[in-house]
$ cat start23.pdb   # PDB, C-alpha atoms
MODEL        1
ATOM      1  CA  MET A   1      86.523 -87.547  16.940
ATOM      2  CA  LEU A   2      84.774 -90.885  17.371
ATOM      3  CA  ASP A   3      85.846 -93.404  19.968
ATOM      4  CA  GLY A   4      88.058 -96.036  18.383
ATOM      5  CA  GLY A   5      87.199 -98.692  20.970
ATOM      6  CA  SER A   6      84.519-101.385  20.848
ATOM      7  CA  ASN A   7      81.958-101.519  18.078
ATOM      8  CA  ALA A   8      78.992 -99.193  18.568
ATOM      9  CA  MET A   9      75.349-100.099  18.071
ATOM     10  CA  LEU A  10      74.374 -98.829  14.636
ATOM     11  CA  TYR A  11      70.971 -97.845  13.299
ATOM     12  CA  PRO A  12      69.871 -97.171   9.691
ATOM     13  CA  GLY A  13      71.213 -93.835   8.508
ATOM     14  CA  ASP A  14      73.867 -93.505  11.232
ATOM     15  CA  ILE A  15      76.816 -93.625   8.829
ATOM     16  CA  SER A  16      75.256 -91.018   6.542
ATOM     17  CA  GLN A  17      74.638 -88.771   9.532
ATOM     18  CA  ARG A  18      78.229 -89.189  10.717
ATOM     19  CA  LEU A  19      79.532 -88.282   7.277
ATOM     20  CA  TYR A  20      77.302 -85.225   7.181
ATOM     21  CA  ASP A  21      78.363 -84.110  10.659
ATOM     22  CA  CYS A  22      82.039 -84.607   9.827
ATOM     23  CA  LEU A  23      81.997 -82.777   6.486
ATOM     24  CA  SER A  24      79.345 -80.121   6.958
ATOM     25  CA  PRO A  25      81.724 -77.519   8.456
ATOM     26  CA  GLY A  26      84.062 -77.837   5.468
ATOM     27  CA  ALA A  27      81.175 -77.449   3.025
ATOM     28  CA  GLN A  28      80.363 -73.957   4.218
ATOM     29  CA  GLY A  29      80.921 -71.355   1.518
ATOM     30  CA  ARG A  30      81.782 -73.894  -1.197
ATOM     31  CA  GLN A  31      79.982 -73.714  -4.526
ATOM     32  CA  VAL A  32      78.805 -76.596  -6.699
ATOM     33  CA  GLU A  33      80.068 -75.977 -10.216
ATOM     34  CA  GLU A  34      78.771 -79.019 -12.073
ATOM     35  CA  VAL A  35      76.498 -82.006 -11.510
ATOM     36  CA  ARG A  36      76.173 -84.977 -13.839
ATOM     37  CA  VAL A  37      73.649 -87.779 -13.343
ATOM     38  CA  GLY A  38      74.220 -90.749 -15.612
ATOM     39  CA  LEU A  39      72.983 -94.318 -15.835
ATOM     40  CA  GLY A  40      75.804 -95.666 -13.689
ATOM     41  CA  TYR A  41      77.138 -92.814 -11.585
ATOM     42  CA  VAL A  42      76.555 -89.352 -10.210
ATOM     43  CA  GLY A  43      79.418 -86.872 -10.407
ATOM     44  CA  VAL A  44      79.654 -83.648  -8.413
ATOM     45  CA  ARG A  45      82.377 -81.094  -9.139
ATOM     46  CA  LEU A  46      83.134 -78.321  -6.686
ATOM     47  CA  GLU A  47      85.377 -75.330  -7.071
ATOM     48  CA  ALA A  48      89.169 -75.839  -6.928
ATOM     49  CA  ALA A  49      88.972 -78.989  -9.106
ATOM     50  CA  ARG A  50      87.395 -81.208  -6.470
ATOM     51  CA  MET A  51      85.129 -84.017  -7.625
ATOM     52  CA  GLY A  52      83.328 -86.949  -6.033
ATOM     53  CA  LEU A  53      81.422 -89.978  -7.289
ATOM     54  CA  ALA A  54      78.501 -92.083  -6.137
ATOM     55  CA  ALA A  55      76.758 -94.971  -7.855
ATOM     56  CA  VAL A  56      73.260 -94.797  -9.313
ATOM     57  CA  LEU A  57      71.082 -97.709  -8.151
ATOM     58  CA  ARG A  58      68.706 -97.865 -11.076
ATOM     59  CA  HIS A  59      66.773-100.845  -9.714
ATOM     60  CA  GLU A  60      65.919 -98.788  -6.609
ATOM     61  CA  LEU A  61      64.328 -95.938  -8.573
ATOM     62  CA  GLY A  62      60.633 -95.615  -9.328
ATOM     63  CA  THR A  63      58.983 -95.424 -12.718
ATOM     64  CA  GLY A  64      57.958 -92.302 -14.567
ATOM     65  CA  CYS A  65      59.652 -89.656 -16.653
ATOM     66  CA  THR A  66      60.734 -87.513 -13.688
ATOM     67  CA  THR A  67      63.479 -89.010 -11.569
ATOM     68  CA  LEU A  68      64.847 -85.791 -10.074
ATOM     69  CA  ASP A  69      62.373 -82.946  -9.677
ATOM     70  CA  LYS A  70      65.326 -80.682  -8.810
ATOM     71  CA  ALA A  71      66.901 -81.135 -12.237
ATOM     72  CA  GLY A  72      67.999 -77.836 -13.737
ATOM     73  CA  THR A  73      68.817 -76.272 -10.370
ATOM     74  CA  LEU A  74      71.503 -78.502  -8.840
ATOM     75  CA  SER A  75      74.548 -76.716 -10.244
ATOM     76  CA  ASN A  76      73.393 -73.490  -8.616
ATOM     77  CA  LEU A  77      73.362 -74.948  -5.117
ATOM     78  CA  THR A  78      76.001 -74.655  -2.451
ATOM     79  CA  ALA A  79      77.943 -77.728  -1.359
ATOM     80  CA  SER A  80      76.242 -77.439   2.035
ATOM     81  CA  ARG A  81      72.803 -77.719   0.463
ATOM     82  CA  LEU A  82      73.709 -80.650  -1.769
ATOM     83  CA  LEU A  83      75.413 -82.449   1.121
ATOM     84  CA  GLU A  84      72.103 -82.335   3.010
ATOM     85  CA  TYR A  85      70.661 -84.798   0.496
ATOM     86  CA  LEU A  86      72.877 -87.437   2.102
ATOM     87  CA  VAL A  87      70.699 -87.383   5.223
ATOM     88  CA  LYS A  88      67.461 -85.820   3.949
ATOM     89  CA  GLY A  89      67.181 -87.428   0.525
ATOM     90  CA  GLU A  90      63.923 -89.201  -0.196
ATOM     91  CA  HIS A  91      65.429 -91.991  -2.307
ATOM     92  CA  PRO A  92      68.848 -93.446  -3.237
ATOM     93  CA  LEU A  93      69.400 -91.017  -6.128
ATOM     94  CA  ASP A  94      68.965 -88.034  -3.816
ATOM     95  CA  ARG A  95      71.394 -89.634  -1.384
ATOM     96  CA  ALA A  96      73.825 -90.369  -4.234
ATOM     97  CA  LEU A  97      74.006 -86.629  -4.876
ATOM     98  CA  GLY A  98      74.832 -86.124  -1.210
ATOM     99  CA  LEU A  99      77.426 -88.912  -1.144
ATOM    100  CA  ALA A 100      79.136 -87.641  -4.305
ATOM    101  CA  THR A 101      79.300 -84.206  -2.688
ATOM    102  CA  ALA A 102      80.788 -85.742   0.457
ATOM    103  CA  ASN A 103      83.433 -87.511  -1.628
ATOM    104  CA  ALA A 104      84.251 -84.241  -3.397
ATOM    105  CA  LEU A 105      84.779 -82.514  -0.051
ATOM    106  CA  MET A 106      87.244 -85.090   1.252
ATOM    107  CA  ARG A 107      90.997 -84.941   0.830
ATOM    108  CA  PRO A 108      92.258 -88.153   2.453
ATOM    109  CA  THR A 109      95.885 -87.941   3.537
ATOM    110  CA  ASP A 110      96.515 -91.331   5.151
ATOM    111  CA  LEU A 111      95.921 -93.678   2.225
ATOM    112  CA  VAL A 112      97.933 -96.795   2.862
ATOM    113  CA  ASN A 113      98.740 -97.811  -0.692
ATOM    114  CA  GLU A 114      97.449 -98.399  -4.186
ATOM    115  CA  ASP A 115      97.787-102.180  -4.011
ATOM    116  CA  ASP A 116      94.972-104.363  -5.187
ATOM    117  CA  THR A 117      92.441-104.806  -2.381
ATOM    118  CA  LEU A 118      92.363-108.597  -2.687
ATOM    119  CA  LYS A 119      96.144-108.689  -2.372
ATOM    120  CA  ILE A 120      95.869-106.832   0.932
ATOM    121  CA  LEU A 121      93.259-109.305   2.184
ATOM    122  CA  SER A 122      95.530-112.336   1.587
ATOM    123  CA  LEU A 123      92.629-114.743   1.077
ATOM    124  CA  SER A 124      93.164-118.482   1.482
ATOM    125  CA  SER A 125      91.171-121.714   1.457
ATOM    126  CA  LEU A 126      90.464-121.140   5.157
ATOM    127  CA  ASP A 127      88.386-118.029   4.414
ATOM    128  CA  ARG A 128      84.634-117.720   4.027
ATOM    129  CA  VAL A 129      83.951-114.524   2.085
ATOM    130  CA  ALA A 130      80.621-112.708   2.265
ATOM    131  CA  MET A 131      80.248-110.346  -0.700
ATOM    132  CA  VAL A 132      77.451-107.855  -0.068
ATOM    133  CA  GLY A 133      76.673-106.419  -3.477
ATOM    134  CA  LEU A 134      77.997-108.277  -6.500
ATOM    135  CA  PHE A 135      81.504-107.258  -7.617
ATOM    136  CA  ALA A 136      81.519-109.458 -10.730
ATOM    137  CA  PRO A 137      85.208-108.919 -11.664
ATOM    138  CA  LEU A 138      86.266-110.190  -8.228
ATOM    139  CA  VAL A 139      84.287-113.430  -8.182
ATOM    140  CA  GLN A 140      86.673-115.666 -10.125
ATOM    141  CA  ARG A 141      89.713-114.101  -8.476
ATOM    142  CA  ILE A 142      88.319-114.888  -5.029
ATOM    143  CA  GLU A 143      87.374-118.413  -6.025
ATOM    144  CA  ARG A 144      90.899-119.030  -7.350
ATOM    145  CA  THR A 145      92.278-118.429  -3.850
ATOM    146  CA  GLY A 146      90.288-121.426  -2.623
ATOM    147  CA  ALA A 147      88.135-119.266  -0.376
ATOM    148  CA  HIS A 148      84.430-120.036  -0.184
ATOM    149  CA  LEU A 149      82.381-117.157  -1.613
ATOM    150  CA  ALA A 150      78.734-116.299  -0.929
ATOM    151  CA  VAL A 151      77.039-113.291  -2.546
ATOM    152  CA  ILE A 152      74.276-111.216  -0.997
ATOM    153  CA  GLU A 153      72.624-108.979  -3.582
ATOM    154  CA  ARG A 154      69.504-106.745  -3.552
ATOM    155  CA  ASN A 155      69.182-106.545  -7.340
ATOM    156  CA  PRO A 156      67.578-109.767  -8.636
ATOM    157  CA  HIS A 157      68.946-109.093 -12.125
ATOM    158  CA  ARG A 158      72.551-109.380 -10.884
ATOM    159  CA  ALA A 159      72.497-112.387  -8.545
ATOM    160  CA  SER A 160      70.172-114.571  -6.515
ATOM    161  CA  ILE A 161      68.820-113.005  -3.351
ATOM    162  CA  PRO A 162      69.222-115.179  -0.235
ATOM    163  CA  ASN A 163      66.397-115.272   2.278
ATOM    164  CA  ASP A 164      66.825-113.501   5.594
ATOM    165  CA  ARG A 165      67.867-116.659   7.421
ATOM    166  CA  GLU A 166      70.531-117.533   4.857
ATOM    167  CA  LYS A 167      71.764-113.937   4.757
ATOM    168  CA  ALA A 168      72.165-113.935   8.531
ATOM    169  CA  ARG A 169      74.086-117.220   8.404
ATOM    170  CA  ILE A 170      76.448-115.958   5.682
ATOM    171  CA  LEU A 171      77.215-112.737   7.535
ATOM    172  CA  GLY A 172      77.531-114.427  10.904
ATOM    173  CA  ASP A 173      79.941-117.121   9.667
ATOM    174  CA  CYS A 174      82.190-115.166   7.300
ATOM    175  CA  THR A 175      85.880-114.538   7.985
ATOM    176  CA  VAL A 176      86.031-111.706   5.425
ATOM    177  CA  ALA A 177      83.224-109.364   4.383
ATOM    178  CA  ILE A 178      83.400-107.272   1.204
ATOM    179  CA  ILE A 179      80.585-104.728   1.292
ATOM    180  CA  THR A 180      79.597-102.358  -1.480
ATOM    181  CA  ALA A 181      79.593 -98.690  -0.480
ATOM    182  CA  THR A 182      76.165 -98.358  -2.117
ATOM    183  CA  THR A 183      74.728 -99.829   1.097
ATOM    184  CA  ILE A 184      75.116 -96.276   2.426
ATOM    185  CA  LEU A 185      72.572 -95.134  -0.168
ATOM    186  CA  THR A 186      69.994 -97.717   0.901
ATOM    187  CA  ASP A 187      70.587 -97.365   4.664
ATOM    188  CA  THR A 188      71.484-101.059   4.846
ATOM    189  CA  LEU A 189      75.171-100.768   5.765
ATOM    190  CA  GLU A 190      74.348-100.540   9.448
ATOM    191  CA  GLU A 191      72.228-103.701   9.598
ATOM    192  CA  THR A 192      74.868-105.546   7.576
ATOM    193  CA  LEU A 193      77.602-104.588  10.042
ATOM    194  CA  GLN A 194      75.420-105.510  13.022
ATOM    195  CA  ALA A 195      74.832-108.980  11.548
ATOM    196  CA  LEU A 196      78.544-109.834  11.274
ATOM    197  CA  GLY A 197      80.116-112.344  13.623
ATOM    198  CA  GLN A 198      83.880-111.996  14.148
ATOM    199  CA  PRO A 199      85.417-111.604  10.669
ATOM    200  CA  ARG A 200      89.138-110.860  10.480
ATOM    201  CA  GLN A 201      88.562-108.259   7.755
ATOM    202  CA  VAL A 202      85.624-106.068   6.731
ATOM    203  CA  VAL A 203      86.038-104.005   3.561
ATOM    204  CA  LEU A 204      83.853-101.171   2.293
ATOM    205  CA  LEU A 205      84.554-101.162  -1.434
ATOM    206  CA  GLY A 206      83.835 -99.263  -4.634
ATOM    207  CA  PRO A 207      84.248 -95.803  -6.187
ATOM    208  CA  SER A 208      81.432 -94.516  -3.946
ATOM    209  CA  THR A 209      83.405 -95.335  -0.786
ATOM    210  CA  PRO A 210      83.930 -92.276   1.443
ATOM    211  CA  LEU A 211      87.606 -92.271   2.453
ATOM    212  CA  CYS A 212      86.906 -90.822   5.862
ATOM    213  CA  GLY A 213      88.397 -93.105   8.491
ATOM    214  CA  GLU A 214      87.033 -91.077  11.394
ATOM    215  CA  VAL A 215      83.472 -92.030  10.506
ATOM    216  CA  PHE A 216      84.162 -95.781  10.730
ATOM    217  CA  GLN A 217      86.488 -95.954  13.743
ATOM    218  CA  ASP A 218      84.089 -97.760  16.085
ATOM    219  CA  THR A 219      82.618-100.066  13.432
ATOM    220  CA  PRO A 220      83.823-103.494  12.258
ATOM    221  CA  ILE A 221      85.135-101.969   9.004
ATOM    222  CA  SER A 222      88.906-102.447   8.809
ATOM    223  CA  LEU A 223      89.637-101.336   5.242
ATOM    224  CA  LEU A 224      88.219 -98.682   2.916
ATOM    225  CA  GLY A 225      88.763 -99.354  -0.786
ATOM    226  CA  GLY A 226      87.837 -96.275  -2.788
ATOM    227  CA  SER A 227      88.972 -94.063  -5.641
ATOM    228  CA  VAL A 228      90.370 -90.630  -6.454
ATOM    229  CA  VAL A 229      89.430 -88.900  -9.717
ATOM    230  CA  LEU A 230      92.463 -88.217 -11.921
ATOM    231  CA  ASP A 231      90.769 -86.685 -14.985
ATOM    232  CA  ILE A 232      87.624 -84.721 -14.123
ATOM    233  CA  PRO A 233      86.521 -83.794 -17.692
ATOM    234  CA  LYS A 234      86.884 -87.387 -18.897
ATOM    235  CA  ILE A 235      85.016 -88.844 -15.920
ATOM    236  CA  MET A 236      82.213 -86.302 -16.420
ATOM    237  CA  GLN A 237      81.996 -87.277 -20.093
ATOM    238  CA  ILE A 238      81.797 -90.980 -19.254
ATOM    239  CA  ILE A 239      79.050 -90.342 -16.689
ATOM    240  CA  THR A 240      77.071 -88.302 -19.217
ATOM    241  CA  GLU A 241      77.394 -91.009 -21.851
ATOM    242  CA  GLY A 242      76.095 -93.707 -19.488
ATOM    243  CA  GLY A 243      79.392 -95.357 -18.591
ATOM    244  CA  GLY A 244      80.253 -97.229 -15.422
ATOM    245  CA  THR A 245      83.317 -98.400 -13.525
ATOM    246  CA  PRO A 246      85.037-100.240 -16.433
ATOM    247  CA  ALA A 247      84.988 -97.122 -18.620
ATOM    248  CA  MET A 248      86.100 -94.869 -15.758
ATOM    249  CA  ARG A 249      88.881 -97.117 -14.478
ATOM    250  CA  PRO A 250      91.739 -95.579 -16.570
ATOM    251  CA  TYR A 251      90.875 -92.150 -15.178
ATOM    252  CA  LEU A 252      90.651 -93.128 -11.514
ATOM    253  CA  LYS A 253      93.268 -94.005  -8.927
ATOM    254  CA  PHE A 254      92.120 -96.850  -6.697
ATOM    255  CA  VAL A 255      93.388 -96.543  -3.147
ATOM    256  CA  ASN A 256      93.084 -98.291   0.218
ATOM    257  CA  MET A 257      92.841 -96.901   3.724
ATOM    258  CA  VAL A 258      93.543 -99.259   6.622
ATOM    259  CA  LEU A 259      91.446 -98.532   9.707
ATOM    260  CA  ASN A 260      92.488-101.374  11.981
ATOM    261  CA  LYS A 261      96.053-102.447  11.343
ATOM    262  CA  LYS A 262      96.092-105.135  14.019
ATOM    263  CA  ASN A 263      93.835-107.278  11.824
ATOM    264  CA  MET A 264      96.031-106.992   8.759
ATOM    265  CA  THR A 265      98.049-110.052   7.750
TER     266      THR A 265
ENDMDL
END
$ encode --input "start23.pdb" --output "structure tokens"
Amino acid sequence: MLDGGSNAMLYPGDISQRLYDCLSPGAQGRQVEEVRVGLGYVGVRLEAARMGLAAVLRHELGTGCTTLDKAGTLSNLTASRLLEYLVKGEHPLDRALGLATANALMRPTDLVNEDDTLKILSLSSLDRVAMVGLFAPLVQRIERTGAHLAVIERNPHRASIPNDREKARILGDCTVAIITATTILTDTLEETLQALGQPRQVVLLGPSTPLCGEVFQDTPISLLGGSVVLDIPKIMQIITEGGGTPAMRPYLKFVNMVLNKKNMT
């Protein structure tokens, strides 16, 4: 169990290592039954109808016809072996396989509610929101609250990329940070958290979010906004056919886990 006191110094890869250390014992003896790698998501199904998701960061992948040299062998691996990709993967797609496996292994029991995440945050015109990773459907909703919104994005095709100085200013000044869980795949979550000032809320958001409160206890993250798969065959079909979050939404349950209730309004 991690210390729930003051924030710890974090280094790239620390969160992935914590997840691996936390879930590795439970992965022992579990078999991977199915792996799907699509254009938007990776899906990993384990025995006993357990499935996890992780996003595919296409802009982070190299060129060439071979993206995964392990293709054709993944469904024969144990959960323990696939989970290792979370910490030993050579690129974000390898780590997505590991994160999806981690999400399949988890059975969160202390989910607070299924309310909309923005409703929980209670944004107002006094807030300065730093969005790390563009959540396009949330932009107008945040702006309608009167809050000031600044977006930090790695993919130049989705949003403008601020320079390092501007990024540091945005993170240091924000009152609320909404961070995509895909920062785990690029080992940038840690540096993002270290750059924050004193925000009242820090959210890790998206279907890739690992709902494992223990891992984040001594970090600034106060809320985990993730998902639970409701219809495994349908989600696997959507992944195979290149679908993303909008297509999967009817077959997912979006949930929130509060980590630091004293900050909640």
$ resolve_selection --input "start23.pdb" --expression "the PyMOL selection byres ((chain A and resi 185-202) around 7)" --output "number ranges by chain"
A: 10-13, 92, 95-96, 168, 171-178, 182-184, 203-204, 220-223, 263
$ write_last_selection --input "start23.pdb" --atoms "C-alpha atoms" --output "PDB file, keeping the file's coordinate frame"
ATOM      1  CA  LEU A  10      74.374 -98.829  14.636  1.00  0.00           C
ATOM      2  CA  TYR A  11      70.971 -97.845  13.299  1.00  0.00           C
ATOM      3  CA  PRO A  12      69.871 -97.171   9.691  1.00  0.00           C
ATOM      4  CA  GLY A  13      71.213 -93.835   8.508  1.00  0.00           C
ATOM      5  CA  PRO A  92      68.848 -93.446  -3.237  1.00  0.00           C
ATOM      6  CA  ARG A  95      71.394 -89.634  -1.384  1.00  0.00           C
ATOM      7  CA  ALA A  96      73.825 -90.369  -4.234  1.00  0.00           C
ATOM      8  CA  ALA A 168      72.165-113.935   8.531  1.00  0.00           C
ATOM      9  CA  LEU A 171      77.215-112.737   7.535  1.00  0.00           C
ATOM     10  CA  GLY A 172      77.531-114.427  10.904  1.00  0.00           C
ATOM     11  CA  ASP A 173      79.941-117.121   9.667  1.00  0.00           C
ATOM     12  CA  CYS A 174      82.190-115.166   7.300  1.00  0.00           C
ATOM     13  CA  THR A 175      85.880-114.538   7.985  1.00  0.00           C
ATOM     14  CA  VAL A 176      86.031-111.706   5.425  1.00  0.00           C
ATOM     15  CA  ALA A 177      83.224-109.364   4.383  1.00  0.00           C
ATOM     16  CA  ILE A 178      83.400-107.272   1.204  1.00  0.00           C
ATOM     17  CA  THR A 182      76.165 -98.358  -2.117  1.00  0.00           C
ATOM     18  CA  THR A 183      74.728 -99.829   1.097  1.00  0.00           C
ATOM     19  CA  ILE A 184      75.116 -96.276   2.426  1.00  0.00           C
ATOM     20  CA  VAL A 203      86.038-104.005   3.561  1.00  0.00           C
ATOM     21  CA  LEU A 204      83.853-101.171   2.293  1.00  0.00           C
ATOM     22  CA  PRO A 220      83.823-103.494  12.258  1.00  0.00           C
ATOM     23  CA  ILE A 221      85.135-101.969   9.004  1.00  0.00           C
ATOM     24  CA  SER A 222      88.906-102.447   8.809  1.00  0.00           C
ATOM     25  CA  LEU A 223      89.637-101.336   5.242  1.00  0.00           C
ATOM     26  CA  ASN A 263      93.835-107.278  11.824  1.00  0.00           C
TER      27      ASN A 263
END
$ atom_distance --input "start23.pdb" --atom1 "atom CA of A:Leu138" --atom2 "atom CA of A:Arg58"
21.6 Å
$ atom_distance --input "start23.pdb" --atom1 "atom CA of A:Val228" --atom2 "atom CA of A:Asn7"
28.1 Å
$ closest_residue --input "start23.pdb" --among "A:Gly72, A:Pro137, A:Pro210, A:Gly40" --to "A:Gly52" --atoms "all atoms listed in the file"
A:Pro210
$ closest_residue --input "start23.pdb" --among "A:Tyr20, A:Phe254, A:Tyr41, A:Phe216" --to "A:Leu86" --atoms "all atoms listed in the file"
A:Tyr20
$ atom_distance --input "start23.pdb" --atom1 "atom CA of A:Arg144" --atom2 "atom CA of A:Asp115"
18.5 Å
$ resolve_selection --input "start23.pdb" --expression "the PyMOL selection byres ((chain A and resi 117) around 9)" --output "list in words"
Glu114, Asp115, Asp116, Leu118, Lys119, Ile120, Leu121, Val203, Leu205, Leu223, Gly225, Val255 and Asn256 of chain A
$ residues_near_point --input "start23.pdb" --point "(79.0, -75.5, -7.1)" --cutoff "10 Å" --atoms "all atoms listed in the file" --output "short mmCIF file (atom, residue, chain, number, x, y, z; two decimals) with C-alpha atoms, in the frame of the given file"
data_model
loop_
_atom_site.label_atom_id
_atom_site.label_comp_id
_atom_site.auth_asym_id
_atom_site.auth_seq_id
_atom_site.Cartn_x
_atom_site.Cartn_y
_atom_site.Cartn_z
CA GLY A 29 80.92 -71.36 1.52
CA ARG A 30 81.78 -73.89 -1.20
CA GLN A 31 79.98 -73.71 -4.53
CA VAL A 32 78.81 -76.60 -6.70
CA GLU A 33 80.07 -75.98 -10.22
CA GLU A 34 78.77 -79.02 -12.07
CA VAL A 35 76.50 -82.01 -11.51
CA VAL A 44 79.65 -83.65 -8.41
CA ARG A 45 82.38 -81.09 -9.14
CA LEU A 46 83.13 -78.32 -6.69
CA GLU A 47 85.38 -75.33 -7.07
CA LEU A 74 71.50 -78.50 -8.84
CA SER A 75 74.55 -76.72 -10.24
CA ASN A 76 73.39 -73.49 -8.62
CA LEU A 77 73.36 -74.95 -5.12
CA THR A 78 76.00 -74.66 -2.45
CA ALA A 79 77.94 -77.73 -1.36
CA SER A 80 76.24 -77.44 2.04
CA LEU A 82 73.71 -80.65 -1.77
CA THR A 101 79.30 -84.21 -2.69
#
